[in-house]
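Structure data follow from entry_35.pdb (PDB, N, CA and C atoms):
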MODEL        1
ATOM      1  N   MET I   1     109.918  85.597 117.779
ATOM      2  CA  MET I   1     109.309  86.824 117.321
ATOM      3  C   MET I   1     107.873  86.917 117.802
ATOM      4  N   ALA I   2     107.438  88.126 118.107
ATOM      5  CA  ALA I   2     106.069  88.332 118.598
ATOM      6  C   ALA I   2     105.083  88.371 117.434
ATOM      7  N   THR I   3     103.926  87.820 117.669
ATOM      8  CA  THR I   3     102.888  87.874 116.647
ATOM      9  C   THR I   3     101.982  89.070 116.939
ATOM     10  N   THR I   4     101.097  89.360 116.026
ATOM     11  CA  THR I   4     100.193  90.487 116.189
ATOM     12  C   THR I   4      99.316  90.320 117.423
ATOM     13  N   ALA I   5      98.874  89.113 117.684
ATOM     14  CA  ALA I   5      98.002  88.854 118.835
ATOM     15  C   ALA I   5      98.717  89.152 120.144
ATOM     16  N   GLN I   6     100.013  88.936 120.194
ATOM     17  CA  GLN I   6     100.758  89.207 121.417
ATOM     18  C   GLN I   6     101.012  90.698 121.597
ATOM     19  N   ARG I   7     101.222  91.403 120.526
ATOM     20  CA  ARG I   7     101.524  92.832 120.622
ATOM     21  C   ARG I   7     100.280  93.674 120.853
ATOM     22  N   ASN I   8      99.230  93.380 120.119
ATOM     23  CA  ASN I   8      98.037  94.219 120.164
ATOM     24  C   ASN I   8      96.867  93.394 120.698
ATOM     25  N   LYS I   9      96.501  93.649 121.951
ATOM     26  CA  LYS I   9      95.429  92.874 122.563
ATOM     27  C   LYS I   9      94.046  93.337 122.102
ATOM     28  N   ASN I  10      93.912  94.600 121.729
ATOM     29  CA  ASN I  10      92.605  95.158 121.386
ATOM     30  C   ASN I  10      92.511  95.364 119.878
ATOM     31  N   LEU I  11      91.975  94.379 119.170
ATOM     32  CA  LEU I  11      91.894  94.481 117.719
ATOM     33  C   LEU I  11      90.622  95.179 117.259
ATOM     34  N   THR I  12      89.635  95.299 118.138
ATOM     35  CA  THR I  12      88.418  96.018 117.776
ATOM     36  C   THR I  12      88.237  97.190 118.732
ATOM     37  N   ARG I  13      87.761  98.268 118.212
ATOM     38  CA  ARG I  13      87.545  99.445 119.051
ATOM     39  C   ARG I  13      86.359  99.202 119.973
ATOM     40  N   PRO I  14      86.432  99.677 121.201
ATOM     41  CA  PRO I  14      85.284  99.528 122.095
ATOM     42  C   PRO I  14      84.121 100.397 121.615
ATOM     43  N   LYS I  15      82.918  99.913 121.795
ATOM     44  CA  LYS I  15      81.742 100.660 121.363
ATOM     45  C   LYS I  15      81.379 101.713 122.391
ATOM     46  N   LYS I  16      80.838 102.824 121.921
ATOM     47  CA  LYS I  16      80.364 103.862 122.835
ATOM     48  C   LYS I  16      79.092 103.365 123.501
ATOM     49  N   SER I  17      78.997 103.601 124.786
ATOM     50  CA  SER I  17      77.814 103.121 125.495
ATOM     51  C   SER I  17      76.664 104.106 125.306
ATOM     52  N   SER I  18      75.454 103.592 125.357
ATOM     53  CA  SER I  18      74.288 104.450 125.170
ATOM     54  C   SER I  18      74.104 105.384 126.352
ATOM     55  N   GLY I  19      74.522 104.952 127.536
ATOM     56  CA  GLY I  19      74.430 105.824 128.707
ATOM     57  C   GLY I  19      75.348 107.026 128.585
ATOM     58  N   ALA I  20      76.551 106.807 128.093
ATOM     59  CA  ALA I  20      77.499 107.905 127.909
ATOM     60  C   ALA I  20      76.999 108.861 126.829
ATOM     61  N   ARG I  21      76.378 108.310 125.800
ATOM     62  CA  ARG I  21      75.845 109.144 124.724
ATOM     63  C   ARG I  21      74.719 110.037 125.247
ATOM     64  N   ALA I  22      73.821 109.462 126.029
ATOM     65  CA  ALA I  22      72.713 110.233 126.599
ATOM     66  C   ALA I  22      73.246 111.326 127.524
ATOM     67  N   ARG I  23      74.291 111.006 128.286
ATOM     68  CA  ARG I  23      74.888 111.986 129.196
ATOM     69  C   ARG I  23      75.497 113.155 128.414
ATOM     70  N   ARG I  24      76.197 112.835 127.313
ATOM     71  CA  ARG I  24      76.785 113.891 126.477
ATOM     72  C   ARG I  24      75.703 114.793 125.904
ATOM     73  N   GLN I  25      74.614 114.188 125.419
ATOM     74  CA  GLN I  25      73.545 114.995 124.827
ATOM     75  C   GLN I  25      72.867 115.872 125.867
ATOM     76  N   ARG I  26      72.683 115.351 127.094
ATOM     77  CA  ARG I  26      72.111 116.173 128.172
ATOM     78  C   ARG I  26      73.014 117.341 128.507
ATOM     79  N   ASP I  27      74.323 117.079 128.570
ATOM     80  CA  ASP I  27      75.275 118.148 128.874
ATOM     81  C   ASP I  27      75.289 119.212 127.782
ATOM     82  N   GLN I  28      75.183 118.787 126.530
ATOM     83  CA  GLN I  28      75.176 119.741 125.426
ATOM     84  C   GLN I  28      73.932 120.617 125.478
ATOM     85  N   LYS I  29      72.777 120.033 125.818
ATOM     86  CA  LYS I  29      71.550 120.818 125.931
ATOM     87  C   LYS I  29      71.643 121.800 127.093
ATOM     88  N   LYS I  30      72.273 121.381 128.186
ATOM     89  CA  LYS I  30      72.464 122.282 129.328
ATOM     90  C   LYS I  30      73.345 123.462 128.946
ATOM     91  N   ARG I  31      74.345 123.201 128.099
ATOM     92  CA  ARG I  31      75.217 124.289 127.641
ATOM     93  C   ARG I  31      74.447 125.310 126.811
ATOM     94  N   LEU I  32      73.535 124.840 125.957
ATOM     95  CA  LEU I  32      72.730 125.774 125.161
ATOM     96  C   LEU I  32      71.831 126.620 126.054
ATOM     97  N   VAL I  33      71.232 126.008 127.075
ATOM     98  CA  VAL I  33      70.384 126.756 128.002
ATOM     99  C   VAL I  33      71.230 127.781 128.745
ATOM    100  N   ALA I  34      72.460 127.423 129.119
ATOM    101  CA  ALA I  34      73.353 128.358 129.806
ATOM    102  C   ALA I  34      73.747 129.521 128.901
ATOM    103  N   LEU I  35      73.766 129.290 127.592
ATOM    104  CA  LEU I  35      74.089 130.369 126.653
ATOM    105  C   LEU I  35      72.923 131.334 126.478
ATOM    106  N   GLY I  36      71.731 130.945 126.956
ATOM    107  CA  GLY I  36      70.610 131.871 126.909
ATOM    108  C   GLY I  36      69.416 131.415 126.097
ATOM    109  N   LEU I  37      69.495 130.265 125.451
ATOM    110  CA  LEU I  37      68.342 129.780 124.693
ATOM    111  C   LEU I  37      67.253 129.299 125.644
ATOM    112  N   ASP I  38      66.010 129.395 125.202
ATOM    113  CA  ASP I  38      64.878 128.950 126.008
ATOM    114  C   ASP I  38      64.903 127.430 126.157
ATOM    115  N   GLU I  39      64.617 126.962 127.361
ATOM    116  CA  GLU I  39      64.682 125.528 127.643
ATOM    117  C   GLU I  39      63.664 124.730 126.822
ATOM    118  N   ALA I  40      62.502 125.316 126.563
ATOM    119  CA  ALA I  40      61.479 124.628 125.774
ATOM    120  C   ALA I  40      61.932 124.441 124.326
ATOM    121  N   ILE I  41      62.606 125.438 123.785
ATOM    122  CA  ILE I  41      63.108 125.351 122.409
ATOM    123  C   ILE I  41      64.201 124.295 122.317
ATOM    124  N   VAL I  42      65.102 124.285 123.305
ATOM    125  CA  VAL I  42      66.207 123.332 123.297
ATOM    126  C   VAL I  42      65.687 121.900 123.427
ATOM    127  N   ALA I  43      64.638 121.704 124.202
ATOM    128  CA  ALA I  43      64.086 120.362 124.403
ATOM    129  C   ALA I  43      63.526 119.787 123.105
ATOM    130  N   LYS I  44      63.060 120.643 122.204
ATOM    131  CA  LYS I  44      62.485 120.180 120.939
ATOM    132  C   LYS I  44      63.534 119.920 119.861
ATOM    133  N   MET I  45      64.779 120.362 120.086
ATOM    134  CA  MET I  45      65.837 120.195 119.090
ATOM    135  C   MET I  45      66.327 118.750 119.055
ATOM    136  N   ASN I  46      66.719 118.304 117.856
ATOM    137  CA  ASN I  46      67.351 116.989 117.778
ATOM    138  C   ASN I  46      68.854 117.143 118.001
ATOM    139  N   SER I  47      69.551 116.035 118.086
ATOM    140  CA  SER I  47      70.967 116.069 118.461
ATOM    141  C   SER I  47      71.812 116.810 117.425
ATOM    142  N   ARG I  48      71.487 116.684 116.153
ATOM    143  CA  ARG I  48      72.257 117.368 115.107
ATOM    144  C   ARG I  48      72.107 118.878 115.224
ATOM    145  N   GLU I  49      70.887 119.359 115.490
ATOM    146  CA  GLU I  49      70.666 120.801 115.648
ATOM    147  C   GLU I  49      71.436 121.341 116.847
ATOM    148  N   VAL I  50      71.453 120.577 117.930
ATOM    149  CA  VAL I  50      72.175 120.997 119.136
ATOM    150  C   VAL I  50      73.659 121.125 118.825
ATOM    151  N   LEU I  51      74.226 120.138 118.138
ATOM    152  CA  LEU I  51      75.644 120.193 117.807
ATOM    153  C   LEU I  51      75.964 121.364 116.883
ATOM    154  N   ASP I  52      75.085 121.627 115.923
ATOM    155  CA  ASP I  52      75.311 122.750 115.007
ATOM    156  C   ASP I  52      75.285 124.082 115.746
ATOM    157  N   LYS I  53      74.380 124.214 116.718
ATOM    158  CA  LYS I  53      74.318 125.450 117.511
ATOM    159  C   LYS I  53      75.568 125.609 118.365
ATOM    160  N   LEU I  54      76.064 124.517 118.927
ATOM    161  CA  LEU I  54      77.220 124.593 119.815
ATOM    162  C   LEU I  54      78.518 124.872 119.061
ATOM    163  N   LYS I  55      78.502 124.735 117.747
ATOM    164  CA  LYS I  55      79.704 125.057 116.978
ATOM    165  C   LYS I  55      79.993 126.549 117.028
ATOM    166  N   ARG I  56      78.952 127.367 117.176
ATOM    167  CA  ARG I  56      79.119 128.818 117.201
ATOM    168  C   ARG I  56      78.419 129.394 118.442
ATOM    169  N   PRO I  57      79.040 129.247 119.615
ATOM    170  CA  PRO I  57      78.386 129.693 120.850
ATOM    171  C   PRO I  57      78.180 131.203 120.923
ATOM    172  N   ALA I  58      79.078 131.984 120.335
ATOM    173  CA  ALA I  58      78.916 133.439 120.379
ATOM    174  C   ALA I  58      77.667 133.854 119.607
ATOM    175  N   LEU I  59      77.426 133.206 118.489
ATOM    176  CA  LEU I  59      76.248 133.506 117.679
ATOM    177  C   LEU I  59      74.969 133.122 118.418
ATOM    178  N   VAL I  60      75.001 132.014 119.147
ATOM    179  CA  VAL I  60      73.836 131.565 119.910
ATOM    180  C   VAL I  60      73.529 132.561 121.021
ATOM    181  N   ALA I  61      74.569 133.022 121.727
ATOM    182  CA  ALA I  61      74.374 133.982 122.808
ATOM    183  C   ALA I  61      73.816 135.297 122.268
ATOM    184  N   LYS I  62      74.311 135.705 121.113
ATOM    185  CA  LYS I  62      73.831 136.936 120.487
ATOM    186  C   LYS I  62      72.360 136.798 120.080
ATOM    187  N   GLU I  63      72.013 135.662 119.503
ATOM    188  CA  GLU I  63      70.643 135.384 119.082
ATOM    189  C   GLU I  63      69.699 135.342 120.286
ATOM    190  N   ALA I  64      70.149 134.717 121.361
ATOM    191  CA  ALA I  64      69.316 134.613 122.558
ATOM    192  C   ALA I  64      69.114 135.982 123.201
ATOM    193  N   GLY I  65      70.148 136.809 123.179
ATOM    194  CA  GLY I  65      70.038 138.161 123.727
ATOM    195  C   GLY I  65      69.082 139.009 122.923
ATOM    196  N   ALA I  66      69.079 138.852 121.611
ATOM    197  CA  ALA I  66      68.177 139.617 120.750
ATOM    198  C   ALA I  66      66.731 139.210 120.981
ATOM    199  N   LYS I  67      66.480 137.933 121.236
ATOM    200  CA  LYS I  67      65.106 137.468 121.484
ATOM    201  C   LYS I  67      64.587 137.980 122.822
ATOM    202  N   LYS I  68      65.461 138.094 123.831
ATOM    203  CA  LYS I  68      65.029 138.564 125.134
ATOM    204  C   LYS I  68      64.701 140.052 125.109
ATOM    205  N   GLU I  69      65.451 140.813 124.290
ATOM    206  CA  GLU I  69      65.207 142.245 124.205
ATOM    207  C   GLU I  69      63.936 142.571 123.442
ATOM    208  N   GLY I  70      63.712 141.849 122.363
ATOM    209  CA  GLY I  70      62.615 142.207 121.478
ATOM    210  C   GLY I  70      61.538 141.233 121.367
TER     211      GLY I  70
ENDMDL
END
Take the structure in this file and express it as structure tokens.
Amino acid sequence: MATTAQRNKNLTRPKKSSGARARRQRDQKKRLVALGLDEAIVAKMNSREVLDKLKRPALVAKEAGAKKEG
């Protein structure tokens, strides 16, 4: 009979690398800039604020359009 060690080689989940995390955060900030937010404003946001904004992209685009008009 097979033991657990023989069946499942990976008993611990691999850790997320810090390089991949930084890349994801850069990509998310680029997405906000593409939606129309000012790059200076996006640069000052922390990661949680960026994620909250990206949850509702239509609202972000609408907000950015209103700021450009007025």
Write down as a PDB file with N, CA and C atoms, in the coordinates of the input the residues of chain I whose backbone DSSP state falls under helix (DSSP H, G or I).
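In the end it all went to part.pdb:
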ATOM      1  N   THR I   4     101.097  89.360 116.026  1.00  0.00           N
ATOM      2  CA  THR I   4     100.193  90.487 116.189  1.00  0.00           C
ATOM      3  C   THR I   4      99.316  90.320 117.423  1.00  0.00           C
ATOM      4  N   ALA I   5      98.874  89.113 117.684  1.00  0.00           N
ATOM      5  CA  ALA I   5      98.002  88.854 118.835  1.00  0.00           C
ATOM      6  C   ALA I   5      98.717  89.152 120.144  1.00  0.00           C
ATOM      7  N   GLN I   6     100.013  88.936 120.194  1.00  0.00           N
ATOM      8  CA  GLN I   6     100.758  89.207 121.417  1.00  0.00           C
ATOM      9  C   GLN I   6     101.012  90.698 121.597  1.00  0.00           C
ATOM     10  N   ARG I   7     101.222  91.403 120.526  1.00  0.00           N
ATOM     11  CA  ARG I   7     101.524  92.832 120.622  1.00  0.00           C
ATOM     12  C   ARG I   7     100.280  93.674 120.853  1.00  0.00           C
ATOM     13  N   SER I  18      75.454 103.592 125.357  1.00  0.00           N
ATOM     14  CA  SER I  18      74.288 104.450 125.170  1.00  0.00           C
ATOM     15  C   SER I  18      74.104 105.384 126.352  1.00  0.00           C
ATOM     16  N   GLY I  19      74.522 104.952 127.536  1.00  0.00           N
ATOM     17  CA  GLY I  19      74.430 105.824 128.707  1.00  0.00           C
ATOM     18  C   GLY I  19      75.348 107.026 128.585  1.00  0.00           C
ATOM     19  N   ALA I  20      76.551 106.807 128.093  1.00  0.00           N
ATOM     20  CA  ALA I  20      77.499 107.905 127.909  1.00  0.00           C
ATOM     21  C   ALA I  20      76.999 108.861 126.829  1.00  0.00           C
ATOM     22  N   ARG I  21      76.378 108.310 125.800  1.00  0.00           N
ATOM     23  CA  ARG I  21      75.845 109.144 124.724  1.00  0.00           C
ATOM     24  C   ARG I  21      74.719 110.037 125.247  1.00  0.00           C
ATOM     25  N   ALA I  22      73.821 109.462 126.029  1.00  0.00           N
ATOM     26  CA  ALA I  22      72.713 110.233 126.599  1.00  0.00           C
ATOM     27  C   ALA I  22      73.246 111.326 127.524  1.00  0.00           C
ATOM     28  N   ARG I  23      74.291 111.006 128.286  1.00  0.00           N
ATOM     29  CA  ARG I  23      74.888 111.986 129.196  1.00  0.00           C
ATOM     30  C   ARG I  23      75.497 113.155 128.414  1.00  0.00           C
ATOM     31  N   ARG I  24      76.197 112.835 127.313  1.00  0.00           N
ATOM     32  CA  ARG I  24      76.785 113.891 126.477  1.00  0.00           C
ATOM     33  C   ARG I  24      75.703 114.793 125.904  1.00  0.00           C
ATOM     34  N   GLN I  25      74.614 114.188 125.419  1.00  0.00           N
ATOM     35  CA  GLN I  25      73.545 114.995 124.827  1.00  0.00           C
ATOM     36  C   GLN I  25      72.867 115.872 125.867  1.00  0.00           C
ATOM     37  N   ARG I  26      72.683 115.351 127.094  1.00  0.00           N
ATOM     38  CA  ARG I  26      72.111 116.173 128.172  1.00  0.00           C
ATOM     39  C   ARG I  26      73.014 117.341 128.507  1.00  0.00           C
ATOM     40  N   ASP I  27      74.323 117.079 128.570  1.00  0.00           N
ATOM     41  CA  ASP I  27      75.275 118.148 128.874  1.00  0.00           C
ATOM     42  C   ASP I  27      75.289 119.212 127.782  1.00  0.00           C
ATOM     43  N   GLN I  28      75.183 118.787 126.530  1.00  0.00           N
ATOM     44  CA  GLN I  28      75.176 119.741 125.426  1.00  0.00           C
ATOM     45  C   GLN I  28      73.932 120.617 125.478  1.00  0.00           C
ATOM     46  N   LYS I  29      72.777 120.033 125.818  1.00  0.00           N
ATOM     47  CA  LYS I  29      71.550 120.818 125.931  1.00  0.00           C
ATOM     48  C   LYS I  29      71.643 121.800 127.093  1.00  0.00           C
ATOM     49  N   LYS I  30      72.273 121.381 128.186  1.00  0.00           N
ATOM     50  CA  LYS I  30      72.464 122.282 129.328  1.00  0.00           C
ATOM     51  C   LYS I  30      73.345 123.462 128.946  1.00  0.00           C
ATOM     52  N   ARG I  31      74.345 123.201 128.099  1.00  0.00           N
ATOM     53  CA  ARG I  31      75.217 124.289 127.641  1.00  0.00           C
ATOM     54  C   ARG I  31      74.447 125.310 126.811  1.00  0.00           C
ATOM     55  N   LEU I  32      73.535 124.840 125.957  1.00  0.00           N
ATOM     56  CA  LEU I  32      72.730 125.774 125.161  1.00  0.00           C
ATOM     57  C   LEU I  32      71.831 126.620 126.054  1.00  0.00           C
ATOM     58  N   VAL I  33      71.232 126.008 127.075  1.00  0.00           N
ATOM     59  CA  VAL I  33      70.384 126.756 128.002  1.00  0.00           C
ATOM     60  C   VAL I  33      71.230 127.781 128.745  1.00  0.00           C
ATOM     61  N   ALA I  34      72.460 127.423 129.119  1.00  0.00           N
ATOM     62  CA  ALA I  34      73.353 128.358 129.806  1.00  0.00           C
ATOM     63  C   ALA I  34      73.747 129.521 128.901  1.00  0.00           C
ATOM     64  N   LEU I  35      73.766 129.290 127.592  1.00  0.00           N
ATOM     65  CA  LEU I  35      74.089 130.369 126.653  1.00  0.00           C
ATOM     66  C   LEU I  35      72.923 131.334 126.478  1.00  0.00           C
ATOM     67  N   GLU I  39      64.617 126.962 127.361  1.00  0.00           N
ATOM     68  CA  GLU I  39      64.682 125.528 127.643  1.00  0.00           C
ATOM     69  C   GLU I  39      63.664 124.730 126.822  1.00  0.00           C
ATOM     70  N   ALA I  40      62.502 125.316 126.563  1.00  0.00           N
ATOM     71  CA  ALA I  40      61.479 124.628 125.774  1.00  0.00           C
ATOM     72  C   ALA I  40      61.932 124.441 124.326  1.00  0.00           C
ATOM     73  N   ILE I  41      62.606 125.438 123.785  1.00  0.00           N
ATOM     74  CA  ILE I  41      63.108 125.351 122.409  1.00  0.00           C
ATOM     75  C   ILE I  41      64.201 124.295 122.317  1.00  0.00           C
ATOM     76  N   VAL I  42      65.102 124.285 123.305  1.00  0.00           N
ATOM     77  CA  VAL I  42      66.207 123.332 123.297  1.00  0.00           C
ATOM     78  C   VAL I  42      65.687 121.900 123.427  1.00  0.00           C
ATOM     79  N   ALA I  43      64.638 121.704 124.202  1.00  0.00           N
ATOM     80  CA  ALA I  43      64.086 120.362 124.403  1.00  0.00           C
ATOM     81  C   ALA I  43      63.526 119.787 123.105  1.00  0.00           C
ATOM     82  N   LYS I  44      63.060 120.643 122.204  1.00  0.00           N
ATOM     83  CA  LYS I  44      62.485 120.180 120.939  1.00  0.00           C
ATOM     84  C   LYS I  44      63.534 119.920 119.861  1.00  0.00           C
ATOM     85  N   SER I  47      69.551 116.035 118.086  1.00  0.00           N
ATOM     86  CA  SER I  47      70.967 116.069 118.461  1.00  0.00           C
ATOM     87  C   SER I  47      71.812 116.810 117.425  1.00  0.00           C
ATOM     88  N   ARG I  48      71.487 116.684 116.153  1.00  0.00           N
ATOM     89  CA  ARG I  48      72.257 117.368 115.107  1.00  0.00           C
ATOM     90  C   ARG I  48      72.107 118.878 115.224  1.00  0.00           C
ATOM     91  N   GLU I  49      70.887 119.359 115.490  1.00  0.00           N
ATOM     92  CA  GLU I  49      70.666 120.801 115.648  1.00  0.00           C
ATOM     93  C   GLU I  49      71.436 121.341 116.847  1.00  0.00           C
ATOM     94  N   VAL I  50      71.453 120.577 117.930  1.00  0.00           N
ATOM     95  CA  VAL I  50      72.175 120.997 119.136  1.00  0.00           C
ATOM     96  C   VAL I  50      73.659 121.125 118.825  1.00  0.00           C
ATOM     97  N   LEU I  51      74.226 120.138 118.138  1.00  0.00           N
ATOM     98  CA  LEU I  51      75.644 120.193 117.807  1.00  0.00           C
ATOM     99  C   LEU I  51      75.964 121.364 116.883  1.00  0.00           C
ATOM    100  N   ASP I  52      75.085 121.627 115.923  1.00  0.00           N
ATOM    101  CA  ASP I  52      75.311 122.750 115.007  1.00  0.00           C
ATOM    102  C   ASP I  52      75.285 124.082 115.746  1.00  0.00           C
ATOM    103  N   LYS I  53      74.380 124.214 116.718  1.00  0.00           N
ATOM    104  CA  LYS I  53      74.318 125.450 117.511  1.00  0.00           C
ATOM    105  C   LYS I  53      75.568 125.609 118.365  1.00  0.00           C
ATOM    106  N   LEU I  54      76.064 124.517 118.927  1.00  0.00           N
ATOM    107  CA  LEU I  54      77.220 124.593 119.815  1.00  0.00           C
ATOM    108  C   LEU I  54      78.518 124.872 119.061  1.00  0.00           C
ATOM    109  N   PRO I  57      79.040 129.247 119.615  1.00  0.00           N
ATOM    110  CA  PRO I  57      78.386 129.693 120.850  1.00  0.00           C
ATOM    111  C   PRO I  57      78.180 131.203 120.923  1.00  0.00           C
ATOM    112  N   ALA I  58      79.078 131.984 120.335  1.00  0.00           N
ATOM    113  CA  ALA I  58      78.916 133.439 120.379  1.00  0.00           C
ATOM    114  C   ALA I  58      77.667 133.854 119.607  1.00  0.00           C
ATOM    115  N   LEU I  59      77.426 133.206 118.489  1.00  0.00           N
ATOM    116  CA  LEU I  59      76.248 133.506 117.679  1.00  0.00           C
ATOM    117  C   LEU I  59      74.969 133.122 118.418  1.00  0.00           C
ATOM    118  N   VAL I  60      75.001 132.014 119.147  1.00  0.00           N
ATOM    119  CA  VAL I  60      73.836 131.565 119.910  1.00  0.00           C
ATOM    120  C   VAL I  60      73.529 132.561 121.021  1.00  0.00           C
ATOM    121  N   ALA I  61      74.569 133.022 121.727  1.00  0.00           N
ATOM    122  CA  ALA I  61      74.374 133.982 122.808  1.00  0.00           C
ATOM    123  C   ALA I  61      73.816 135.297 122.268  1.00  0.00           C
ATOM    124  N   LYS I  62      74.311 135.705 121.113  1.00  0.00           N
ATOM    125  CA  LYS I  62      73.831 136.936 120.487  1.00  0.00           C
ATOM    126  C   LYS I  62      72.360 136.798 120.080  1.00  0.00           C
ATOM    127  N   GLU I  63      72.013 135.662 119.503  1.00  0.00           N
ATOM    128  CA  GLU I  63      70.643 135.384 119.082  1.00  0.00           C
ATOM    129  C   GLU I  63      69.699 135.342 120.286  1.00  0.00           C
ATOM    130  N   ALA I  64      70.149 134.717 121.361  1.00  0.00           N
ATOM    131  CA  ALA I  64      69.316 134.613 122.558  1.00  0.00           C
ATOM    132  C   ALA I  64      69.114 135.982 123.201  1.00  0.00           C
ATOM    133  N   GLY I  65      70.148 136.809 123.179  1.00  0.00           N
ATOM    134  CA  GLY I  65      70.038 138.161 123.727  1.00  0.00           C
ATOM    135  C   GLY I  65      69.082 139.009 122.923  1.00  0.00           C
ATOM    136  N   ALA I  66      69.079 138.852 121.611  1.00  0.00           N
ATOM    137  CA  ALA I  66      68.177 139.617 120.750  1.00  0.00           C
ATOM    138  C   ALA I  66      66.731 139.210 120.981  1.00  0.00           C
ATOM    139  N   LYS I  67      66.480 137.933 121.236  1.00  0.00           N
ATOM    140  CA  LYS I  67      65.106 137.468 121.484  1.00  0.00           C
ATOM    141  C   LYS I  67      64.587 137.980 122.822  1.00  0.00           C
ATOM    142  N   LYS I  68      65.461 138.094 123.831  1.00  0.00           N
ATOM    143  CA  LYS I  68      65.029 138.564 125.134  1.00  0.00           C
ATOM    144  C   LYS I  68      64.701 140.052 125.109  1.00  0.00           C
ATOM    145  N   GLU I  69      65.451 140.813 124.290  1.00  0.00           N
ATOM    146  CA  GLU I  69      65.207 142.245 124.205  1.00  0.00           C
ATOM    147  C   GLU I  69      63.936 142.571 123.442  1.00  0.00           C
TER     148      GLU I  69
END
Contact residues around Met45 of chain I with only C-alpha atoms at 12 Å, ignoring same-chain residues under 5 positions, as an MDAnalysis selection string: chainID I and resid 25:26 28:29 32:33 37:40 50:53
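For the atom pair formed by atom CA of Leu35 of chain I and atom CA of Arg56 of chain I, the distance is 10.8 Å, given to one decimal.
Atom pair atom C of Asp27 of chain I / atom C of Ala61 of chain I has a distance of 17.1 Å (rounded to one decimal).
Picture a line from atom CA of Ala20 of chain I to atom CA of Lys55 of chain I; it runs 20.5 Å.
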Could you work out an axis-aligned box for segment 9-23 of chain I, taking every atom the file lists and adding 4 Å on each side, and report centre and edge lengths in Å to one decimal, as AutoDock Vina command-line options?
--center_x 84.6 --center_y 103.0 --center_z 123.2 --size_x 31.8 --size_y 28.3 --size_z 19.9
